[in-house]
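Text of coords-v6.txt, listed as compact mmCIF, C-alpha atoms:
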```
# COMPACT_ATOMS: atom_id res chain seq x y z
CA MET A 1 0.00 0.00 0.00
CA ASN A 2 1.54 3.31 -0.97
CA ASP A 3 1.45 6.48 1.14
CA THR A 4 -1.56 7.94 -0.66
CA SER A 5 -3.77 4.89 -0.28
CA SER A 6 -2.59 4.45 3.31
CA ALA A 7 -3.55 8.03 4.13
CA HIS A 8 -6.88 7.52 2.39
CA ARG A 9 -7.71 4.41 4.40
CA GLN A 10 -6.61 6.10 7.59
CA ALA A 11 -8.79 9.13 6.93
CA TRP A 12 -11.73 6.98 5.87
CA ASP A 13 -11.51 4.98 9.12
CA LEU A 14 -11.45 8.16 11.19
CA ILE A 15 -14.51 9.79 9.63
CA PRO A 16 -17.09 8.46 12.16
CA TRP A 17 -15.03 9.79 15.04
CA ILE A 18 -14.70 13.14 13.29
CA VAL A 19 -18.47 13.17 12.81
CA ASN A 20 -19.26 12.43 16.47
CA GLY A 21 -16.61 14.87 17.68
CA SER A 22 -14.56 12.34 19.67
CA ALA A 23 -11.42 12.32 17.48
CA PRO A 24 -8.43 14.15 18.96
CA GLU A 25 -7.30 17.35 17.30
CA THR A 26 -4.28 15.73 15.63
CA GLU A 27 -6.46 13.18 13.87
CA ARG A 28 -8.94 15.88 12.97
CA GLN A 29 -6.21 17.89 11.32
CA ALA A 30 -4.93 14.86 9.43
CA VAL A 31 -8.39 14.12 8.07
CA GLN A 32 -8.89 17.75 7.17
CA ALA A 33 -5.67 17.75 5.15
CA HIS A 34 -6.74 14.60 3.32
CA LEU A 35 -10.23 15.92 2.58
CA GLU A 36 -8.74 18.78 0.61
CA ALA A 37 -7.78 16.36 -2.12
CA CYS A 38 -10.20 13.45 -1.74
CA ALA A 39 -13.74 13.76 -3.06
CA ASP A 40 -14.57 10.20 -1.95
CA CYS A 41 -13.82 10.99 1.67
CA ARG A 42 -15.73 14.27 1.47
CA GLN A 43 -18.72 12.34 0.20
CA GLU A 44 -18.31 9.73 2.89
CA LEU A 45 -18.11 12.45 5.54
CA GLU A 46 -21.39 13.87 4.29
CA PHE A 47 -23.01 10.45 4.26
CA GLN A 48 -21.96 9.75 7.83
CA ARG A 49 -23.24 13.14 8.93
CA GLN A 50 -26.62 12.35 7.46
CA LEU A 51 -26.54 8.96 9.11
CA GLN A 52 -25.84 10.56 12.47
CA ALA A 53 -28.63 13.09 11.92
CA ALA A 54 -31.04 10.28 11.08
CA MET A 55 -30.02 8.38 14.20
CA ALA A 56 -30.69 11.48 16.28
CA VAL A 57 -34.38 10.79 15.87
CA GLN A 58 -35.15 8.96 19.03
CA SER A 59 -36.53 5.48 18.90
CA THR A 60 -40.24 5.10 19.41
CA ALA A 61 -39.71 2.73 22.30
CA GLU A 62 -41.47 4.01 25.37
CA LEU A 63 -41.35 2.91 28.96
CA ASP A 64 -42.90 4.64 31.91
CA MET A 65 -39.74 5.70 33.68
CA ARG A 66 -41.40 6.19 37.04
CA ASP A 67 -43.12 2.83 36.98
CA SER A 68 -39.84 1.20 36.03
CA TRP A 69 -38.06 3.01 38.84
CA GLN A 70 -40.68 1.92 41.38
CA ARG A 71 -40.15 -1.68 40.36
CA LEU A 72 -36.40 -1.33 40.80
CA ARG A 73 -36.93 0.48 44.09
CA SER A 74 -39.10 -2.36 45.34
CA ARG A 75 -36.44 -4.82 44.30
CA LEU A 76 -33.81 -2.85 46.21
CA ASP A 77 -35.98 -2.56 49.29
CA THR A 78 -36.75 -6.24 49.26
CA ALA A 79 -33.08 -7.09 49.09
CA ALA A 80 -32.03 -4.46 51.64
CA GLN A 81 -30.66 -5.48 54.95
CA PRO A 82 -32.87 -4.31 57.84
CA ASP A 83 -30.47 -1.56 58.76
CA ALA A 84 -32.42 1.62 59.40
CA ALA A 85 -29.24 3.29 60.60
CA VAL A 86 -27.89 3.57 57.07
CA ARG A 87 -28.11 7.27 56.28
CA SER A 88 -26.83 9.46 53.54
CA PRO A 89 -23.31 10.66 54.17
CA HIS A 90 -24.15 14.21 53.18
CA ARG A 91 -25.89 14.75 56.51
CA ARG A 92 -22.65 14.13 58.32
CA ALA A 93 -20.60 16.13 55.87
CA ARG A 94 -22.71 19.25 55.99
CA GLY A 95 -20.83 22.32 57.10
CA SER A 96 -17.63 20.55 57.97
CA GLY A 97 -14.19 21.83 57.17
CA LYS A 98 -15.22 25.31 56.01
CA ALA A 99 -13.73 28.52 57.30
CA TRP A 100 -16.57 31.04 57.46
CA THR A 101 -15.60 34.67 57.17
CA PRO A 102 -17.78 37.20 59.01
CA TRP A 103 -18.93 38.95 55.85
CA LEU A 104 -19.95 35.64 54.36
CA VAL A 105 -21.99 34.77 57.42
CA ALA A 106 -23.68 38.16 57.15
CA ALA A 107 -24.43 37.54 53.51
CA MET A 108 -25.94 34.19 54.35
CA VAL A 109 -28.20 35.75 56.96
CA ILE A 110 -29.42 38.29 54.43
CA GLN A 111 -30.04 35.61 51.87
CA ALA A 112 -31.69 33.39 54.41
CA ILE A 113 -34.36 35.99 55.07
CA GLY A 114 -35.37 36.06 51.44
CA LEU A 115 -34.96 32.43 50.70
CA GLY A 116 -35.91 30.81 53.95
CA ALA A 117 -39.41 29.96 52.89
CA LEU A 118 -38.36 28.45 49.61
CA GLY A 119 -35.50 26.65 51.23
CA THR A 120 -37.61 25.21 53.96
CA ALA A 121 -40.09 23.92 51.42
CA TRP A 122 -37.38 22.42 49.26
CA TRP A 123 -35.44 20.75 52.01
CA SER A 124 -38.41 19.68 54.04
CA ARG A 125 -39.00 16.74 51.74
CA PRO A 126 -38.30 13.70 53.85
CA LEU A 127 -35.73 11.17 52.84
CA PRO A 128 -37.40 7.89 52.00
CA PRO A 129 -37.05 5.43 54.82
CA ALA A 130 -34.25 2.92 54.47
CA ALA A 131 -36.74 0.12 54.14
CA THR A 132 -40.19 1.12 52.89
CA PRO A 133 -42.89 -1.24 51.75
CA ALA A 134 -42.81 -2.14 48.08
CA GLY A 135 -44.17 0.63 45.92
CA ALA A 136 -44.32 3.13 48.77
CA ALA A 137 -41.23 5.13 47.83
CA SER A 138 -41.62 8.85 47.38
CA PRO A 139 -42.34 9.84 43.75
CA TYR A 140 -39.68 11.49 41.67
CA ARG A 141 -40.52 15.12 41.03
CA THR A 142 -40.25 16.75 37.66
CA LEU A 143 -40.61 20.30 36.51
CA SER A 144 -44.16 19.50 35.53
CA ALA A 145 -45.02 18.33 39.02
CA PRO A 146 -46.96 20.77 41.21
CA GLU A 147 -44.24 20.87 43.82
CA ALA A 148 -41.57 21.71 41.28
CA ILE A 149 -41.74 25.40 42.07
CA ILE A 150 -40.13 24.80 45.40
CA GLN A 151 -36.95 23.92 43.50
CA ALA A 152 -36.68 27.55 42.44
CA ALA A 153 -33.79 28.29 44.76
CA SER A 154 -31.47 25.73 46.18
CA ILE A 155 -27.85 26.86 46.17
CA ARG A 156 -26.02 30.06 47.07
CA VAL A 157 -22.67 30.75 45.56
CA VAL A 158 -20.02 33.40 45.95
CA PHE A 159 -17.58 33.57 43.06
CA ALA A 160 -14.00 34.78 43.17
CA PRO A 161 -13.72 38.52 42.38
CA ASP A 162 -11.84 37.93 39.15
CA VAL A 163 -14.20 35.32 37.71
CA THR A 164 -15.30 35.93 34.13
CA VAL A 165 -18.78 35.64 32.70
CA ALA A 166 -17.56 32.84 30.46
CA GLN A 167 -16.28 30.91 33.48
CA VAL A 168 -19.58 31.32 35.29
CA GLN A 169 -21.53 30.23 32.22
CA SER A 170 -19.28 27.22 31.81
CA MET A 171 -19.62 26.18 35.45
CA LEU A 172 -23.38 26.63 35.51
CA GLY A 173 -23.79 24.79 32.23
CA ALA A 174 -21.70 21.85 33.40
CA ALA A 175 -23.56 21.68 36.71
CA ARG A 176 -26.93 22.19 34.99
CA LEU A 177 -27.75 25.19 37.12
CA GLN A 178 -29.59 28.40 36.37
CA VAL A 179 -29.36 31.76 38.08
CA ARG A 180 -32.47 32.46 40.14
CA ALA A 181 -31.35 35.70 41.76
CA GLY A 182 -28.34 37.84 42.44
CA PRO A 183 -25.81 38.97 42.82
CA SER A 184 -26.76 40.46 46.12
CA GLU A 185 -24.99 43.53 47.49
CA VAL A 186 -22.36 41.26 48.93
CA GLY A 187 -22.00 39.21 45.77
CA VAL A 188 -24.10 36.18 46.60
CA TRP A 189 -25.76 34.41 43.68
CA THR A 190 -28.76 32.18 44.09
CA LEU A 191 -28.88 29.21 41.78
CA GLY A 192 -31.40 26.53 41.02
CA PRO A 193 -31.38 23.27 39.09
CA ALA A 194 -31.97 23.52 35.35
CA GLY A 195 -33.86 20.24 35.36
CA ASP A 196 -34.96 17.48 37.66
CA SER A 197 -33.04 17.36 40.86
CA ASN A 198 -33.18 16.02 44.36
CA ARG A 199 -31.19 16.33 47.53
CA ALA A 200 -28.50 13.88 46.53
CA ALA A 201 -28.01 15.61 43.20
CA THR A 202 -27.80 18.98 44.94
CA GLU A 203 -25.15 17.66 47.30
CA ALA A 204 -23.20 16.31 44.34
CA THR A 205 -23.48 19.66 42.60
CA LEU A 206 -22.27 21.46 45.71
CA ARG A 207 -19.17 19.32 45.89
CA VAL A 208 -18.38 19.99 42.26
CA LEU A 209 -18.84 23.73 42.74
CA ARG A 210 -16.68 23.78 45.85
CA ALA A 211 -13.88 22.13 43.91
CA GLN A 212 -13.81 25.03 41.45
CA PRO A 213 -11.05 27.59 42.10
CA ALA A 214 -13.43 30.33 40.99
CA VAL A 215 -15.98 29.41 43.67
CA ARG A 216 -15.32 30.94 47.07
CA PHE A 217 -18.38 29.52 48.70
CA ALA A 218 -21.25 27.22 47.80
CA GLU A 219 -23.94 26.06 50.14
CA ALA A 220 -27.55 24.97 50.11
CA VAL A 221 -30.14 27.51 51.10
CA ALA A 222 -30.86 28.04 54.78
CA GLY A 223 -33.43 25.79 56.31
CA ALA A 224 -31.73 22.60 55.31
CA PRO A 225 -31.66 20.08 58.09
CA MET B 1 -11.04 25.22 3.99
CA SER B 2 -11.59 23.73 7.38
CA LEU B 3 -13.79 21.16 8.98
CA PRO B 4 -16.77 22.67 10.73
CA SER B 5 -17.09 22.37 14.47
CA PRO B 6 -17.78 18.80 15.49
CA PRO B 7 -21.50 18.22 15.61
CA LYS B 8 -22.84 17.46 19.03
CA ALA B 9 -24.10 13.97 19.63
CA PRO B 10 -27.86 13.84 20.15
CA THR B 11 -27.18 12.82 23.71
CA PRO B 12 -25.00 15.54 25.24
CA VAL B 13 -21.85 14.44 27.01
CA ARG B 14 -22.57 14.41 30.71
CA ASP B 15 -20.46 16.12 33.31
CA ASP B 16 -18.45 13.23 34.70
CA ARG B 17 -17.74 15.06 37.96
CA LEU B 18 -21.43 15.13 38.78
CA ASP B 19 -21.80 11.47 37.90
CA ARG B 20 -18.83 10.58 40.08
CA GLU B 21 -20.30 12.44 43.03
CA LEU B 22 -23.59 10.65 42.53
CA LEU B 23 -21.79 7.33 42.32
CA ARG B 24 -19.94 8.12 45.55
CA LEU B 25 -23.26 8.72 47.25
CA ILE B 26 -24.68 5.55 45.73
CA ALA B 27 -21.72 3.63 47.10
CA ALA B 28 -22.82 4.93 50.51
CA GLN B 29 -26.29 3.44 49.89
CA ASP B 30 -28.02 6.72 49.02
CA LYS B 31 -31.13 5.73 47.08
CA HIS B 32 -31.93 9.34 46.23
CA ALA B 33 -28.66 9.50 44.32
CA LEU B 34 -29.46 6.25 42.54
CA GLN B 35 -32.89 7.57 41.63
CA HIS B 36 -31.39 10.71 40.15
CA LEU B 37 -28.85 8.77 38.12
CA TYR B 38 -31.59 6.40 36.96
CA MET B 39 -33.74 9.27 35.71
CA GLU B 40 -30.79 10.89 33.99
CA TYR B 41 -29.77 7.73 32.13
CA HIS B 42 -33.12 6.13 31.43
CA ARG B 43 -33.74 7.73 28.02
CA ARG B 44 -30.21 7.07 26.83
CA LEU B 45 -30.32 3.42 27.88
CA LEU B 46 -33.76 2.94 26.40
CA GLN B 47 -32.56 4.34 23.09
CA PHE B 48 -29.46 2.16 23.08
CA LEU B 49 -31.18 -1.03 24.15
CA SER B 50 -34.20 -0.58 21.90
CA ARG B 51 -31.87 -0.91 18.89
CA LEU B 52 -31.05 -4.37 20.18
CA SER B 53 -34.48 -5.58 21.20
CA SER B 54 -38.00 -4.36 20.75
CA GLN B 55 -39.47 -6.32 23.62
CA ARG B 56 -40.81 -3.93 26.20
CA ASP B 57 -40.33 -6.29 29.13
CA ALA B 58 -36.80 -7.12 28.05
CA LEU B 59 -35.95 -3.42 27.79
CA GLU B 60 -37.12 -2.63 31.30
CA GLU B 61 -35.45 -5.74 32.61
CA ALA B 62 -32.14 -4.75 31.04
CA ILE B 63 -32.35 -1.17 32.33
CA ASN B 64 -33.27 -2.24 35.86
CA ASP B 65 -30.64 -4.98 35.86
CA THR B 66 -28.13 -2.32 34.86
CA PHE B 67 -28.98 -0.11 37.82
CA TRP B 68 -29.22 -3.07 40.14
CA ILE B 69 -25.58 -3.73 39.29
CA VAL B 70 -24.73 -0.02 39.57
CA TRP B 71 -26.20 -0.07 43.08
CA ARG B 72 -24.20 -3.11 44.11
CA LYS B 73 -20.95 -2.34 42.30
CA ALA B 74 -20.70 1.41 42.88
CA PRO B 75 -18.10 0.95 45.66
CA GLU B 76 -15.91 -0.93 43.18
CA PHE B 77 -15.84 1.83 40.57
CA ARG B 78 -12.19 2.82 40.31
CA GLY B 79 -12.53 5.82 38.06
CA ASP B 80 -10.61 4.34 35.14
CA SER B 81 -13.25 5.60 32.74
CA ARG B 82 -16.09 8.06 32.64
CA VAL B 83 -19.06 6.94 34.70
CA SER B 84 -21.21 7.01 31.56
CA THR B 85 -18.82 4.55 29.88
CA TRP B 86 -18.96 2.29 32.94
CA ILE B 87 -22.76 2.35 33.01
CA MET B 88 -23.10 1.73 29.27
CA GLY B 89 -20.71 -1.23 29.62
CA ILE B 90 -22.95 -2.72 32.30
CA ALA B 91 -25.99 -2.08 30.09
CA TRP B 92 -24.29 -3.82 27.18
CA ARG B 93 -23.58 -6.92 29.25
CA CYS B 94 -27.14 -6.93 30.58
CA ALA B 95 -28.45 -6.67 27.04
CA LEU B 96 -26.27 -9.56 25.89
CA LYS B 97 -27.62 -11.72 28.70
CA ALA B 98 -31.18 -10.77 27.87
CA LEU B 99 -30.63 -11.52 24.18
CA ARG B 100 -29.08 -14.88 24.95
CA ARG B 101 -31.94 -15.73 27.27
CA ASN B 102 -34.53 -14.88 24.73
CA SER B 103 -32.72 -14.72 21.42
CA ASP B 104 -35.36 -16.26 19.17
CA ALA B 105 -38.28 -14.24 20.49
CA SER B 106 -36.28 -11.04 20.49
CA ALA B 107 -35.02 -11.47 16.95
CA ALA B 108 -38.50 -12.26 15.73
CA ALA B 109 -39.96 -9.24 17.47
CA LEU B 110 -37.27 -6.99 16.07
CA ALA B 111 -37.76 -8.28 12.55
CA MET B 112 -41.51 -7.77 12.79
CA SER B 113 -41.05 -4.17 13.85
CA MET B 114 -39.03 -3.25 10.77
CA PRO B 115 -40.33 -2.45 7.29
CA THR B 116 -39.65 -5.31 4.92
CA GLU B 117 -40.34 -3.71 1.57
CA LEU B 118 -40.62 -0.33 -0.01
CA GLN B 119 -43.94 1.18 0.96
CA TYR B 120 -45.35 4.43 -0.32
CA THR B 121 -47.27 6.06 2.48
CA GLU B 122 -48.21 9.57 3.47
CA THR B 123 -45.24 10.14 5.70
CA SER B 124 -42.87 13.04 6.07
CA ALA B 125 -39.37 12.82 4.68
CA THR B 126 -38.02 12.54 8.22
CA GLU B 127 -40.34 9.68 9.08
CA GLU B 128 -39.51 7.92 5.84
CA ARG B 129 -35.81 8.33 6.47
CA SER B 130 -36.19 6.99 10.00
CA GLU B 131 -38.06 3.97 8.73
CA TRP B 132 -35.40 3.14 6.21
CA LEU B 133 -32.68 3.75 8.72
CA ALA B 134 -34.39 1.31 11.06
CA HIS B 135 -34.58 -1.15 8.21
CA GLY B 136 -30.91 -0.67 7.37
CA LEU B 137 -29.85 -1.04 10.99
CA ALA B 138 -31.96 -4.18 11.33
CA THR B 139 -29.85 -5.83 8.64
CA LEU B 140 -26.71 -5.37 10.72
CA PRO B 141 -25.45 -7.82 13.32
CA PHE B 142 -26.34 -6.39 16.71
CA GLU B 143 -22.70 -5.72 17.59
CA GLN B 144 -22.44 -3.42 14.56
CA ARG B 145 -25.79 -1.84 15.37
CA ALA B 146 -24.70 -1.17 18.93
CA THR B 147 -21.40 0.31 17.73
CA LEU B 148 -23.21 2.80 15.51
CA GLU B 149 -25.65 3.69 18.26
CA LEU B 150 -22.91 4.27 20.82
CA ALA B 151 -20.94 6.40 18.37
CA TYR B 152 -23.70 8.43 16.78
CA PHE B 153 -26.46 8.68 19.35
CA VAL B 154 -24.46 8.63 22.57
CA GLY B 155 -21.26 10.14 21.17
CA HIS B 156 -18.72 7.73 22.64
CA SER B 157 -15.19 7.53 21.27
CA CYS B 158 -13.76 4.42 19.64
CA GLU B 159 -11.78 3.62 22.80
CA GLU B 160 -14.81 4.10 25.03
CA ILE B 161 -16.89 1.78 22.87
CA ALA B 162 -14.13 -0.83 23.14
CA SER B 163 -14.36 -0.49 26.91
CA ILE B 164 -18.16 -0.69 26.91
CA MET B 165 -18.26 -3.73 24.65
CA ASP B 166 -15.22 -5.29 26.29
CA CYS B 167 -13.37 -5.85 23.06
CA PRO B 168 -10.18 -4.57 21.37
CA VAL B 169 -10.23 -1.16 19.72
CA ASN B 170 -9.52 -2.84 16.39
CA THR B 171 -12.71 -4.86 16.76
CA VAL B 172 -14.70 -1.65 17.16
CA LYS B 173 -13.01 -0.25 14.06
CA ALA B 174 -13.79 -3.39 12.12
CA ARG B 175 -17.45 -3.36 13.22
CA MET B 176 -17.79 0.28 12.28
CA PHE B 177 -16.15 -0.40 8.92
CA GLN B 178 -18.49 -3.28 8.12
CA ALA B 179 -21.55 -1.34 9.24
CA ARG B 180 -20.63 1.65 7.09
CA ILE B 181 -20.04 -0.46 4.00
CA LYS B 182 -23.34 -2.28 4.45
CA LEU B 183 -25.37 0.86 5.08
CA ARG B 184 -23.76 2.73 2.21
CA ASN B 185 -24.73 -0.05 -0.15
CA LEU B 186 -28.20 -0.45 1.30
CA LEU B 187 -29.64 2.88 2.31
CA PRO B 188 -29.47 4.91 -0.90
CA LYS B 189 -31.19 2.09 -2.78
CA LEU B 190 -33.89 1.75 -0.20
CA GLY B 191 -34.97 5.18 0.79
CA GLY B 192 -33.19 7.81 -1.20
CA PHE B 193 -31.23 8.28 2.01
CA ALA B 194 -28.16 10.40 1.46
CA GLU B 195 -28.31 10.22 -2.30
CA ALA B 196 -24.86 10.02 -3.74
CA LYS B 197 -23.94 13.51 -4.68
CA HIS B 198 -20.86 15.26 -5.80
CA LEU B 199 -19.61 17.40 -2.99
CA GLY B 200 -16.61 18.90 -4.65
CA GLY B 201 -17.93 22.43 -4.32
CA SER B 202 -19.78 22.05 -1.08
CA GLN B 203 -18.80 23.65 2.14
CA LEU B 204 -16.77 21.40 4.38
```

Target format structure tokens, applied to this file:
Amino acid sequence: MNDTSSAHRQAWDLIPWIVNGSAPETERQAVQAHLEACADCRQELEFQRQLQAAMAVQSTAELDMRDSWQRLRSRLDTAAQPDAAVRSPHRRARGSGKAWTPWLVAAMVIQAIGLGALGTAWWSRPLPPAATPAGAASPYRTLSAPEAIIQAASIRVVFAPDVTVAQVQSMLGAARLQVRAGPSEVGVWTLGPAGDSNRAATEATLRVLRAQPAVRFAEAVAGAP
Amino acid sequence: MSLPSPPKAPTPVRDDRLDRELLRLIAAQDKHALQHLYMEYHRRLLQFLSRLSSQRDALEEAINDTFWIVWRKAPEFRGDSRVSTWIMGIAWRCALKALRRNSDASAAALAMSMPTELQYTETSATEERSEWLAHGLATLPFEQRATLELAYFVGHSCEEIASIMDCPVNTVKARMFQARIKLRNLLPKLGGFAEAKHLGGSQL
């Protein structure tokens, strides 16, 4: 196989991974160089793009997600050990290891006044018992559910002073959060989930936010247990 | 001339940090975290698995088996891959088991759900294209079908698909190659899908 045919085969093999965006930049550049001179590969690239677009149409298969979850939940509960003491670790972790500056505490008090009611409603949802009867687990809430409005505010964040808008957008997009209010006079933003969420997901989001250098502070709204 | 920005896969790439946090909570027996992960992955798994079987009960069984294993194996996740890759790998193995358990019935059900001959009906171009795509995919061995689905619907890389399907990278490449050749030969004839056209002057 000569160099030209070898390059052609290599580029042809890489086309699907160019189309789905997973090919590294070096391979992308190599394919780009080859495409300049190869009409066959340009045509194949177009074909694969159309194939991907056609596959984007979701299958017509439907399952009731909540019914399916309840059946799994029942299966888990049935198999669970009778250990009611098993609790979520986030209860123990709350508030530990954080140095709280006075101005931040003041900011939290101010925010708590405005958000207390929402926060209390949001966090007052009980955790499901460790071992509930089959089918008795609490329903999963969606944005279309009546109680969804209580998700309107769930996290307060203070960003570093030099954070850029692009950084904030990137962080919020990755964490699937939306700005509900802010910034306050002391720079506190109030964020809420962009989609379905629950306490565990909020705790996970908080940990991710706290790991960001551009986040000075991230905590759930006041009223959390 | 330059390649346009890579198109986004229909299923957006998830933030692995969030998934890892959820998995950490699941490892600590947090059912709320499992419920959230279940809801987040249900549509993606249903899409993936429904290309392999059309049996409703088998689909739910495979999805719930997947999360049953996620619940039990979460403490063993070592972080060698993205969580989504790990979960899709479990789903793939669950699907294989389900297919082996019920291979005849599943294959028959799948075949019955696909169009078998050219039919002229009052359908939109998109619907017609989807039908012929389904027909084309149905002619592929399920490993090739799954490879295409993981690459084009979920957006996994070649290496990730090898991890999910527990096979060498070269096997993934070979499956993708065979699937492309077969679909190229089949789809334009069947549905006018991606009519061969000269793209010399088109924007790339």

Neighbours of point (-20.6, 2.0, 9.4) within 12 Å, using all atoms listed in the file, written as a ChimeraX atom specification = /A:12-17,19,44-45,47-49,51-52 /B:136-137,140-141,143-152,172-187

request  = Starting from chain A, keep only residues with some atom at most 6 Å from an atom of chain B, counting all atoms listed in the file, and report them as a list in words.
outcome  =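 Written out as asked, the residues are Asn20, Gly21, Ser22, Phe47, Gln52, Ala56, Ser59, Leu72, Ser88, Ala174, Ala200 and Ala204 of chain A.
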
request  = Report the distance between CA of Ala74 in chain B and CA of Arg71 in chain A in Å, rounded to one decimal place.
outcome  = 19.9 Å

task = Measure the distance from CA of Thr85 in chain B to CA of Leu45 in chain B in Å and round it to one decimal.
result =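 Answer for the CA of Thr85 in chain B to CA of Leu45 in chain B separation: 11.7 Å.
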
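Taking CA of Met55 in chain A and CA of Tyr41 in chain B as the two end points, the separation is 17.9 Å.
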
request  = Using all atoms listed in the file, collect all residues at a distance of at most 9 Å from (-21.6, -3.1, 32.1) as written in the file, then present them as number ranges by chain.
outcome  = B: 66, 69-70, 85-94, 164-166

Env of Ser5 in chain A: 12 Å cut, atoms = all atoms listed in the file, seq-sep filter 5 positions within chain, self excluded. Answer as an mmCIF file with C-alpha atoms, in the coordinates of the input.
```cif
data_model
loop_
_atom_site.group_PDB
_atom_site.id
_atom_site.type_symbol
_atom_site.label_atom_id
_atom_site.label_comp_id
_atom_site.auth_asym_id
_atom_site.auth_seq_id
_atom_site.Cartn_x
_atom_site.Cartn_y
_atom_site.Cartn_z
ATOM 1 C CA GLN A 10 -6.610 6.100 7.590
ATOM 2 C CA ALA A 11 -8.790 9.130 6.930
ATOM 3 C CA TRP A 12 -11.730 6.980 5.870
ATOM 4 C CA HIS A 34 -6.740 14.600 3.320
ATOM 5 C CA CYS A 38 -10.200 13.450 -1.740
ATOM 6 C CA CYS A 41 -13.820 10.990 1.670
#
```

request  = Measuring atom to atom with all atoms listed in the file, identify which of A:Trp189, A:Thr164, A:Ser170, A:Ile155 is nearest to Glu219 in chain A.
outcome  =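 Between A:Trp189, A:Thr164, A:Ser170, A:Ile155, the residue approaching Glu219 in chain A most closely is A:Ile155.
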